[in-house]
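J.: Contents of work_37.cif (mmCIF, C-alpha atoms) are below:
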data_data
loop_
_atom_site.label_atom_id
_atom_site.label_comp_id
_atom_site.auth_asym_id
_atom_site.auth_seq_id
_atom_site.Cartn_x
_atom_site.Cartn_y
_atom_site.Cartn_z
CA MET A 269 -95.73 -72.67 34.07
CA ARG A 270 -93.35 -74.89 32.13
CA ILE A 271 -90.74 -73.62 29.68
CA LEU A 272 -90.73 -76.00 26.72
CA LEU A 273 -88.27 -74.35 24.38
CA THR A 274 -85.99 -71.34 24.05
CA ILE A 275 -84.25 -70.29 20.83
CA ASN A 276 -82.04 -67.25 20.68
CA LEU A 277 -80.92 -66.22 17.18
CA PRO A 278 -79.83 -63.09 15.33
CA ALA A 279 -82.91 -61.08 14.36
CA LYS A 280 -82.68 -61.82 10.64
CA LEU A 281 -85.38 -62.96 8.23
CA GLU A 282 -83.26 -65.92 7.16
CA ASN A 283 -83.75 -67.36 10.67
CA LEU A 284 -87.53 -67.14 10.46
CA GLU A 285 -88.00 -70.72 9.31
CA ARG A 286 -85.94 -72.16 12.18
CA TRP A 287 -88.02 -70.31 14.76
CA MET A 288 -91.28 -71.19 13.04
CA ASN A 289 -90.51 -74.90 12.64
CA ALA A 290 -89.33 -75.27 16.24
CA VAL A 291 -92.35 -73.50 17.72
CA SER A 292 -94.97 -75.30 15.62
CA GLU A 293 -93.33 -78.65 16.39
CA CYS A 294 -93.42 -77.75 20.07
CA ALA A 295 -97.13 -76.82 19.92
CA ARG A 296 -97.93 -80.02 18.00
CA LYS A 297 -96.24 -82.11 20.70
CA GLN A 298 -98.42 -80.37 23.28
CA GLY A 299 -101.50 -81.53 21.41
CA TYR A 300 -102.53 -78.31 19.67
CA ASP A 301 -104.66 -78.85 16.57
CA GLN A 302 -103.74 -77.66 13.07
CA LYS A 303 -106.09 -74.67 13.28
CA ARG A 304 -104.31 -73.39 16.38
CA ILE A 305 -100.87 -74.18 15.00
CA SER A 306 -101.70 -72.02 11.97
CA LYS A 307 -102.60 -69.19 14.34
CA ILE A 308 -99.38 -69.69 16.29
CA GLU A 309 -97.29 -69.64 13.09
CA LEU A 310 -98.99 -66.54 11.77
CA ALA A 311 -98.64 -64.54 14.99
CA LEU A 312 -95.03 -65.65 15.44
CA GLU A 313 -94.07 -64.76 11.87
CA GLU A 314 -95.67 -61.33 12.08
CA ALA A 315 -94.01 -60.52 15.41
CA LEU A 316 -90.57 -61.75 14.31
CA VAL A 317 -90.68 -60.04 10.91
CA ASN A 318 -91.41 -56.82 12.74
CA ILE A 319 -88.42 -57.28 15.02
CA CYS A 320 -86.12 -58.28 12.14
CA LYS A 321 -87.15 -55.24 10.10
CA TYR A 322 -87.50 -52.48 12.67
CA SER A 323 -86.12 -53.36 16.08
CA TYR A 324 -82.46 -52.80 15.33
CA PRO A 325 -82.11 -49.77 13.04
CA GLU A 326 -78.41 -49.37 13.89
CA GLU A 327 -76.57 -52.26 15.52
CA PRO A 328 -77.81 -55.79 14.70
CA GLY A 329 -79.20 -57.79 17.62
CA ASN A 330 -80.94 -60.99 18.61
CA ALA A 331 -84.43 -62.19 19.33
CA GLU A 332 -85.22 -64.90 21.82
CA VAL A 333 -88.33 -67.01 21.40
CA SER A 334 -89.59 -69.18 24.24
CA CYS A 335 -92.59 -71.46 24.37
CA LYS A 336 -94.34 -72.00 27.65
CA GLN A 337 -97.22 -74.18 28.69
CA ASP A 338 -99.49 -72.94 31.45
CA ASN A 339 -102.46 -75.25 32.11
CA SER A 340 -104.25 -75.25 28.78
CA ARG A 341 -102.54 -72.13 27.43
CA PHE A 342 -99.60 -71.99 25.04
CA ILE A 343 -97.55 -68.87 25.54
CA ILE A 344 -94.94 -67.60 23.09
CA GLU A 345 -92.59 -65.08 24.65
CA ILE A 346 -90.47 -63.00 22.30
CA VAL A 347 -87.71 -60.87 23.75
CA ASP A 348 -85.51 -58.39 21.91
CA SER A 349 -83.21 -55.62 23.03
CA GLY A 350 -84.06 -53.22 20.21
CA ILE A 351 -85.86 -49.89 20.25
CA PRO A 352 -88.99 -49.79 22.45
CA PHE A 353 -92.08 -50.85 20.54
CA ASP A 354 -95.48 -51.47 22.06
CA MET A 355 -97.68 -53.02 19.39
CA THR A 356 -100.65 -53.14 21.73
CA SER A 357 -100.86 -49.34 21.60
CA LEU A 358 -101.18 -49.13 17.79
CA PRO A 359 -104.58 -48.27 16.29
CA ALA A 360 -106.22 -50.76 13.91
CA PRO A 361 -105.68 -50.10 10.19
CA ASP A 362 -108.60 -49.10 7.97
CA ILE A 363 -109.70 -52.35 6.37
CA THR A 364 -112.71 -50.91 4.57
CA SER A 365 -111.05 -48.61 2.02
CA SER A 366 -110.60 -49.36 -1.69
CA VAL A 367 -107.53 -50.85 -3.41
CA GLU A 368 -106.36 -47.35 -4.38
CA GLN A 369 -106.66 -45.98 -0.84
CA ARG A 370 -105.49 -49.02 1.08
CA LYS A 371 -102.15 -48.55 2.75
CA ILE A 372 -99.56 -51.21 1.97
CA GLY A 373 -98.47 -52.51 5.33
CA GLY A 374 -99.83 -52.32 8.86
CA LEU A 375 -101.73 -55.58 8.54
CA GLY A 376 -99.22 -57.78 10.38
CA ILE A 377 -99.83 -56.42 13.86
CA PHE A 378 -103.56 -56.34 13.20
CA LEU A 379 -103.40 -60.04 12.28
CA ILE A 380 -101.54 -60.87 15.51
CA LYS A 381 -104.20 -59.14 17.59
CA LYS A 382 -107.00 -60.87 15.68
CA THR A 383 -105.59 -64.41 15.75
CA VAL A 384 -104.14 -65.02 19.21
CA ASP A 385 -106.26 -65.01 22.34
CA GLU A 386 -104.10 -62.55 24.27
CA VAL A 387 -101.31 -60.08 23.48
CA GLU A 388 -99.24 -58.62 26.29
CA TYR A 389 -96.33 -56.22 26.01
CA ARG A 390 -93.94 -54.87 28.60
CA ARG A 391 -90.63 -53.04 28.52
CA GLU A 392 -88.13 -54.28 31.09
CA GLY A 393 -84.86 -52.38 31.16
CA ASN A 394 -83.52 -52.57 27.62
CA PHE A 395 -85.85 -55.37 26.56
CA ASN A 396 -89.11 -55.56 24.67
CA ILE A 397 -91.07 -58.53 26.01
CA LEU A 398 -94.04 -59.72 24.01
CA ASN A 399 -96.31 -62.52 25.17
CA LEU A 400 -98.70 -64.16 22.73
CA THR A 401 -101.17 -66.61 24.25
CA ILE A 402 -103.23 -69.27 22.51
CA ASN A 403 -105.84 -71.26 24.42
CA ARG A 404 -105.82 -74.95 23.62
CA ASP A 405 -109.46 -75.69 24.23
CA TYR A 406 -111.45 -72.63 23.25
CA ASP A 407 -111.28 -69.53 21.05
CA LYS A 408 -111.50 -66.02 22.42
CA MET B 290 -93.82 -72.15 -2.53
CA GLU B 291 -94.53 -73.36 -6.06
CA ILE B 292 -96.04 -71.16 -8.73
CA GLN B 293 -97.62 -72.47 -11.91
CA ALA B 294 -99.09 -70.26 -14.58
CA ARG B 295 -100.98 -70.92 -17.78
CA LYS B 296 -102.47 -68.61 -20.32
CA GLU B 297 -106.17 -68.83 -21.06
CA LYS B 298 -108.06 -66.72 -23.58
CA VAL B 299 -109.33 -64.19 -21.05
CA ALA B 300 -106.72 -64.35 -18.29
CA VAL B 301 -103.52 -65.81 -16.94
CA VAL B 302 -104.31 -68.47 -14.34
CA VAL B 303 -101.72 -68.55 -11.58
CA SER B 304 -101.75 -71.41 -9.08
CA VAL B 305 -99.79 -70.99 -5.88
CA LYS B 306 -98.86 -73.97 -3.72
CA GLY B 307 -97.35 -74.10 -0.23
CA ARG B 308 -96.71 -71.05 1.87
CA MET B 309 -96.74 -67.36 1.04
CA ASP B 310 -94.76 -65.76 3.85
CA ALA B 311 -92.09 -63.12 4.39
CA MET B 312 -89.51 -65.32 2.66
CA THR B 313 -91.56 -66.43 -0.35
CA ALA B 314 -93.97 -63.55 -1.08
CA PRO B 315 -91.32 -61.54 -3.00
CA GLU B 316 -90.98 -64.49 -5.42
CA PHE B 317 -94.74 -64.47 -6.09
CA GLU B 318 -94.66 -60.71 -6.61
CA LYS B 319 -91.73 -60.95 -9.00
CA ASN B 320 -93.41 -63.68 -11.06
CA MET B 321 -96.56 -61.60 -11.37
CA ILE B 322 -94.63 -58.44 -12.26
CA ASP B 323 -92.87 -60.35 -15.04
CA PHE B 324 -96.28 -61.17 -16.53
CA ILE B 325 -97.52 -57.60 -16.12
CA SER B 326 -94.43 -56.20 -17.82
CA LYS B 327 -95.09 -58.58 -20.73
CA GLY B 328 -98.46 -56.90 -21.15
CA GLU B 329 -100.73 -59.29 -19.24
CA LYS B 330 -103.55 -57.48 -17.48
CA THR B 331 -106.00 -60.04 -16.19
CA PHE B 332 -105.19 -62.67 -13.57
CA VAL B 333 -107.08 -65.49 -11.90
CA VAL B 334 -105.09 -66.56 -8.85
CA ASN B 335 -105.94 -70.04 -7.59
CA LEU B 336 -105.03 -70.53 -3.93
CA VAL B 337 -106.55 -73.95 -3.39
CA GLU B 338 -103.13 -75.46 -2.67
CA LEU B 339 -101.90 -72.56 -0.57
CA ASP B 340 -101.67 -73.65 3.07
CA TYR B 341 -100.57 -70.42 4.67
CA ILE B 342 -100.45 -66.70 4.02
CA SER B 343 -99.11 -63.91 6.24
CA SER B 344 -99.22 -60.13 5.92
CA ALA B 345 -96.18 -60.31 3.61
CA GLY B 346 -98.34 -62.18 1.10
CA LEU B 347 -101.20 -59.71 1.52
CA ARG B 348 -98.77 -56.87 1.02
CA SER B 349 -97.59 -58.37 -2.29
CA ILE B 350 -101.16 -58.94 -3.46
CA LEU B 351 -102.13 -55.37 -2.59
CA ALA B 352 -99.06 -53.93 -4.32
CA LEU B 353 -99.89 -55.95 -7.46
CA ALA B 354 -103.54 -54.91 -7.35
CA LYS B 355 -102.54 -51.24 -7.15
CA LYS B 356 -100.20 -51.68 -10.09
CA LEU B 357 -102.87 -53.49 -12.12
CA LYS B 358 -105.52 -50.87 -11.34
CA GLU B 359 -103.29 -48.16 -12.76
CA GLY B 360 -103.08 -50.04 -16.05
CA ASP B 361 -106.75 -51.01 -16.17
CA GLY B 362 -105.90 -54.58 -15.17
CA LYS B 363 -107.64 -57.00 -12.87
CA ILE B 364 -106.83 -59.68 -10.31
CA VAL B 365 -109.39 -62.12 -8.91
CA PHE B 366 -109.09 -65.14 -6.65
CA THR B 367 -110.40 -68.66 -6.35
CA GLY B 368 -109.79 -71.69 -4.14
CA LEU B 369 -109.78 -69.86 -0.81
CA LYS B 370 -109.95 -72.21 2.14
CA GLY B 371 -108.76 -72.80 5.71
CA PRO B 372 -106.29 -70.34 7.21
CA VAL B 373 -105.88 -68.48 3.91
CA GLU B 374 -109.60 -67.74 3.71
CA GLU B 375 -109.54 -66.75 7.38
CA VAL B 376 -106.71 -64.24 6.85
CA PHE B 377 -108.51 -62.77 3.82
CA LYS B 378 -111.66 -62.33 5.90
CA ILE B 379 -109.94 -60.77 8.92
CA THR B 380 -108.22 -58.16 6.79
CA GLY B 381 -111.25 -57.28 4.67
CA PHE B 382 -109.71 -58.57 1.43
CA PRO B 383 -113.01 -60.03 0.15
CA SER B 384 -114.31 -56.47 -0.20
CA LEU B 385 -111.29 -55.56 -2.36
CA PHE B 386 -111.29 -58.52 -4.73
CA LYS B 387 -113.74 -60.74 -6.55
CA ILE B 388 -113.53 -64.25 -5.15
CA PHE B 389 -114.92 -67.15 -7.16
CA ASP B 390 -115.88 -70.71 -6.19
CA SER B 391 -113.97 -72.24 -9.07
CA GLU B 392 -111.45 -71.43 -11.79
CA GLU B 393 -114.15 -72.13 -14.38
CA SER B 394 -116.58 -69.59 -12.97
CA ALA B 395 -113.77 -67.05 -12.58
CA LEU B 396 -112.82 -67.45 -16.25
CA ARG B 397 -116.46 -67.30 -17.33
CA GLU B 398 -117.39 -64.21 -15.38
CA ILE B 399 -114.22 -62.16 -15.21
#
Please rewrite the model in this file as structure tokens.
T.:
Amino acid sequence: MRILLTINLPAKLENLERWMNAVSECARKQGYDQKRISKIELALEEALVNICKYSYPEEPGNAEVSCKQDNSRFIIEIVDSGIPFDMTSLPAPDITSSVEQRKIGGLGIFLIKKTVDEVEYRREGNFNILNLTINRDYDK
Amino acid sequence: MEIQARKEKVAVVVSVKGRMDAMTAPEFEKNMIDFISKGEKTFVVNLVELDYISSAGLRSILALAKKLKEGDGKIVFTGLKGPVEEVFKITGFPSLFKIFDSEESALREI
């Protein structure tokens, strides 16, 4: 596995664009097509917005985004030292209810799970470690 | 993100260009709320030039739709394509909103 890029920044929404631009540029250089880059951007935004909004309820903290290439897989690793949060354990939202009954929110994590090929979470010490994997040559 | 709006007889047509993400969705929501507070009730939103939408955009759309429903208003969409259409499909938005093939048919049938 090759580490292509690592960017550590304060977990603030204003940094979103820097992370997004760097990661999509990195994926483009690795030969990923626009369809997959859109998936990468979407999953990355949703994961980072979540960290920026909820990971650090008291003291501010950072998030570190790394891109890795493993054979024909692009792996985005996002590490933060905020409160433990395992998105893989959340149930799917109800996407069949009417406008009146639909809950505002909860769609971001659902979108991550639906767009990338693999989502892996682990807690190591004080760190949340999230791995999002996109296959270059085939869809899940 | 660029937003352009024009008033037709039956609706306000709002065209959104670029990206609707966590940074820009509030701007779209604010623009729409300005129209609603001026008494506009019916909207055709054209997304043909929108390249990207995330859950922040969906959240804004849903919040606006709820607000419009309360006041007997309506929001419909046209110009869905690529990743935007994909995100709509994944999240079941086509069952919440009328989606038209063109602005013309939206304005005719709304």
J.: Any idea what's packed within 9 Å of A:Lys371, counting all atoms listed in the file, ignoring anything in its chain fewer than 3 positions away? Could you give it as a list in words?
T.: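 Result of the neighbour search: Pro361, Asp362, Ser365, Val367, Glu368 and Gly374 of chain A; Leu351 of chain B.
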J.: Skipping near chain neighbours, those fewer than 4 positions away, what residues fall within 10 Å of A:Glu392 using all atoms listed in the file, listed as a ChimeraX atom specification?
T.: /A:347,349,352,396-397
J.: Go ahead and save the residues from that selection, with C-alpha atoms, as a CSV table (one decimal), in the coordinates of the input.
T.:
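As a result, part.csv now contains:
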chain,number,residue,atom,x,y,z
A,347,VAL,CA,-87.7,-60.9,23.8
A,349,SER,CA,-83.2,-55.6,23.0
A,352,PRO,CA,-89.0,-49.8,22.4
A,396,ASN,CA,-89.1,-55.6,24.7
A,397,ILE,CA,-91.1,-58.5,26.0
J.: Give me, as a list in words, the residues of chain A touching chain B, with the criterion being at most 6 Å (counting only C-alpha atoms).
T.: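 Here they are: Ile363, Ile372, Leu375 and Gly376 of chain A.
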J.: Produce a file of the selected residues containing C-alpha atoms, as a PDB file, keeping the file's coordinate frame.
T.:
ATOM      1  CA  ILE A 363    -109.700 -52.350   6.370  1.00  0.00           C
ATOM      2  CA  ILE A 372     -99.560 -51.210   1.970  1.00  0.00           C
ATOM      3  CA  LEU A 375    -101.730 -55.580   8.540  1.00  0.00           C
ATOM      4  CA  GLY A 376     -99.220 -57.780  10.380  1.00  0.00           C
TER       5      GLY A 376
END
J.: What is the atom CA of A:Leu310 to atom CA of A:Val291 distance in Å?
T.: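 Spanning atom CA of A:Leu310 to atom CA of A:Val291 is a straight-line distance of 11.3 Å.
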J.: So the first atom is atom CA of A:Ile351 and the second is atom CA of B:Met309; what is the distance between them in Å, to one decimal place?
T.: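 It comes out at 28.2 Å.
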J.: Given all atoms listed in the file as the basis, pick out the residue of B:Asp390, B:Val337, B:Phe332, B:Ser326 nearest to B:Arg308.
T.: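 That would be B:Val337, the residue with the smallest distance to B:Arg308.
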J.: Using only C-alpha atoms, can you tell me which of B:Thr313, B:Lys327, B:Ala300, B:Asn320 comes closest to B:Phe366?
T.: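 Comparing B:Thr313, B:Lys327, B:Ala300, B:Asn320 against B:Phe366, the winner is B:Ala300.
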J.: Of the candidates B:Lys363, B:Lys387, B:Lys298, B:Lys370, which shows the shortest atom-to-atom distance to B:Ile325, using all atoms listed in the file?
T.: B:Lys363
J.: I'd like to see the residues matched by the PyMOL selection byres ((chain A and resi 274-285) around 6) on this file, and ideally I'd get them as a list in words.
T.: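 So the PyMOL selection byres ((chain A and resi 274-285) around 6) ends up selecting Leu273, Arg286, Trp287, Met288, Asn289, Cys320, Gly329, Asn330, Ala331, Glu332, Val333 and Ser334 of chain A.
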J.: To one decimal in Å, tell me the separation between atom CA of A:Arg404 and atom CA of B:Leu369.
T.: 25.3 Å
J.: Got a sec: who's within 8 Å of B:Leu396, counting all atoms listed in the file, leaving out chain neighbours fewer than 3 positions off, as number ranges by chain?
T.: B: 299-300, 333, 392-393, 399
J.: Name all residues at most 10 Å from A:Cys335 (count all atoms listed in the file; drop same-chain ones fewer than 5 positions away) and give them as a PyMOL selection string.
T.: chain A and resi 270-275+290-292+294-295+342-346+399-401
J.: Every residue with an atom at most 9 Å from (-99.5, -58.3, 14.4) (file coordinates; only C-alpha atoms) is what I'm after, so could you write them as a ChimeraX atom specification?
T.: /A:310-315,318,355,374-383 /B:344
J.: What would the list of residues within 10 Å of (-105.3, -76.1, 18.4) (file frame) look like as an mmCIF file with C-alpha atoms, in the coordinates of the input, if all atoms listed in the file are what count?
T.:
data_model
loop_
_atom_site.group_PDB
_atom_site.id
_atom_site.type_symbol
_atom_site.label_atom_id
_atom_site.label_comp_id
_atom_site.auth_asym_id
_atom_site.auth_seq_id
_atom_site.Cartn_x
_atom_site.Cartn_y
_atom_site.Cartn_z
ATOM 1 C CA ALA A 295 -97.130 -76.820 19.920
ATOM 2 C CA ARG A 296 -97.930 -80.020 18.000
ATOM 3 C CA GLN A 298 -98.420 -80.370 23.280
ATOM 4 C CA GLY A 299 -101.500 -81.530 21.410
ATOM 5 C CA TYR A 300 -102.530 -78.310 19.670
ATOM 6 C CA ASP A 301 -104.660 -78.850 16.570
ATOM 7 C CA GLN A 302 -103.740 -77.660 13.070
ATOM 8 C CA LYS A 303 -106.090 -74.670 13.280
ATOM 9 C CA ARG A 304 -104.310 -73.390 16.380
ATOM 10 C CA ILE A 305 -100.870 -74.180 15.000
ATOM 11 C CA SER A 306 -101.700 -72.020 11.970
ATOM 12 C CA LYS A 307 -102.600 -69.190 14.340
ATOM 13 C CA ILE A 308 -99.380 -69.690 16.290
ATOM 14 C CA PHE A 342 -99.600 -71.990 25.040
ATOM 15 C CA ILE A 402 -103.230 -69.270 22.510
ATOM 16 C CA ASN A 403 -105.840 -71.260 24.420
ATOM 17 C CA ARG A 404 -105.820 -74.950 23.620
ATOM 18 C CA ASP A 405 -109.460 -75.690 24.230
ATOM 19 C CA TYR A 406 -111.450 -72.630 23.250
ATOM 20 C CA ASP A 407 -111.280 -69.530 21.050
#
J.: With 4 Å of padding per side, what axis-aligned box (centre and edge lengths, Å, one decimal) covers all the listed atoms of stretch 336-354 of chain B? Give it as AutoDock Vina command-line options.
T.:
--center_x -101.4 --center_y -64.7 --center_z -0.6 --size_x 18.4 --size_y 29.5 --size_z 21.7
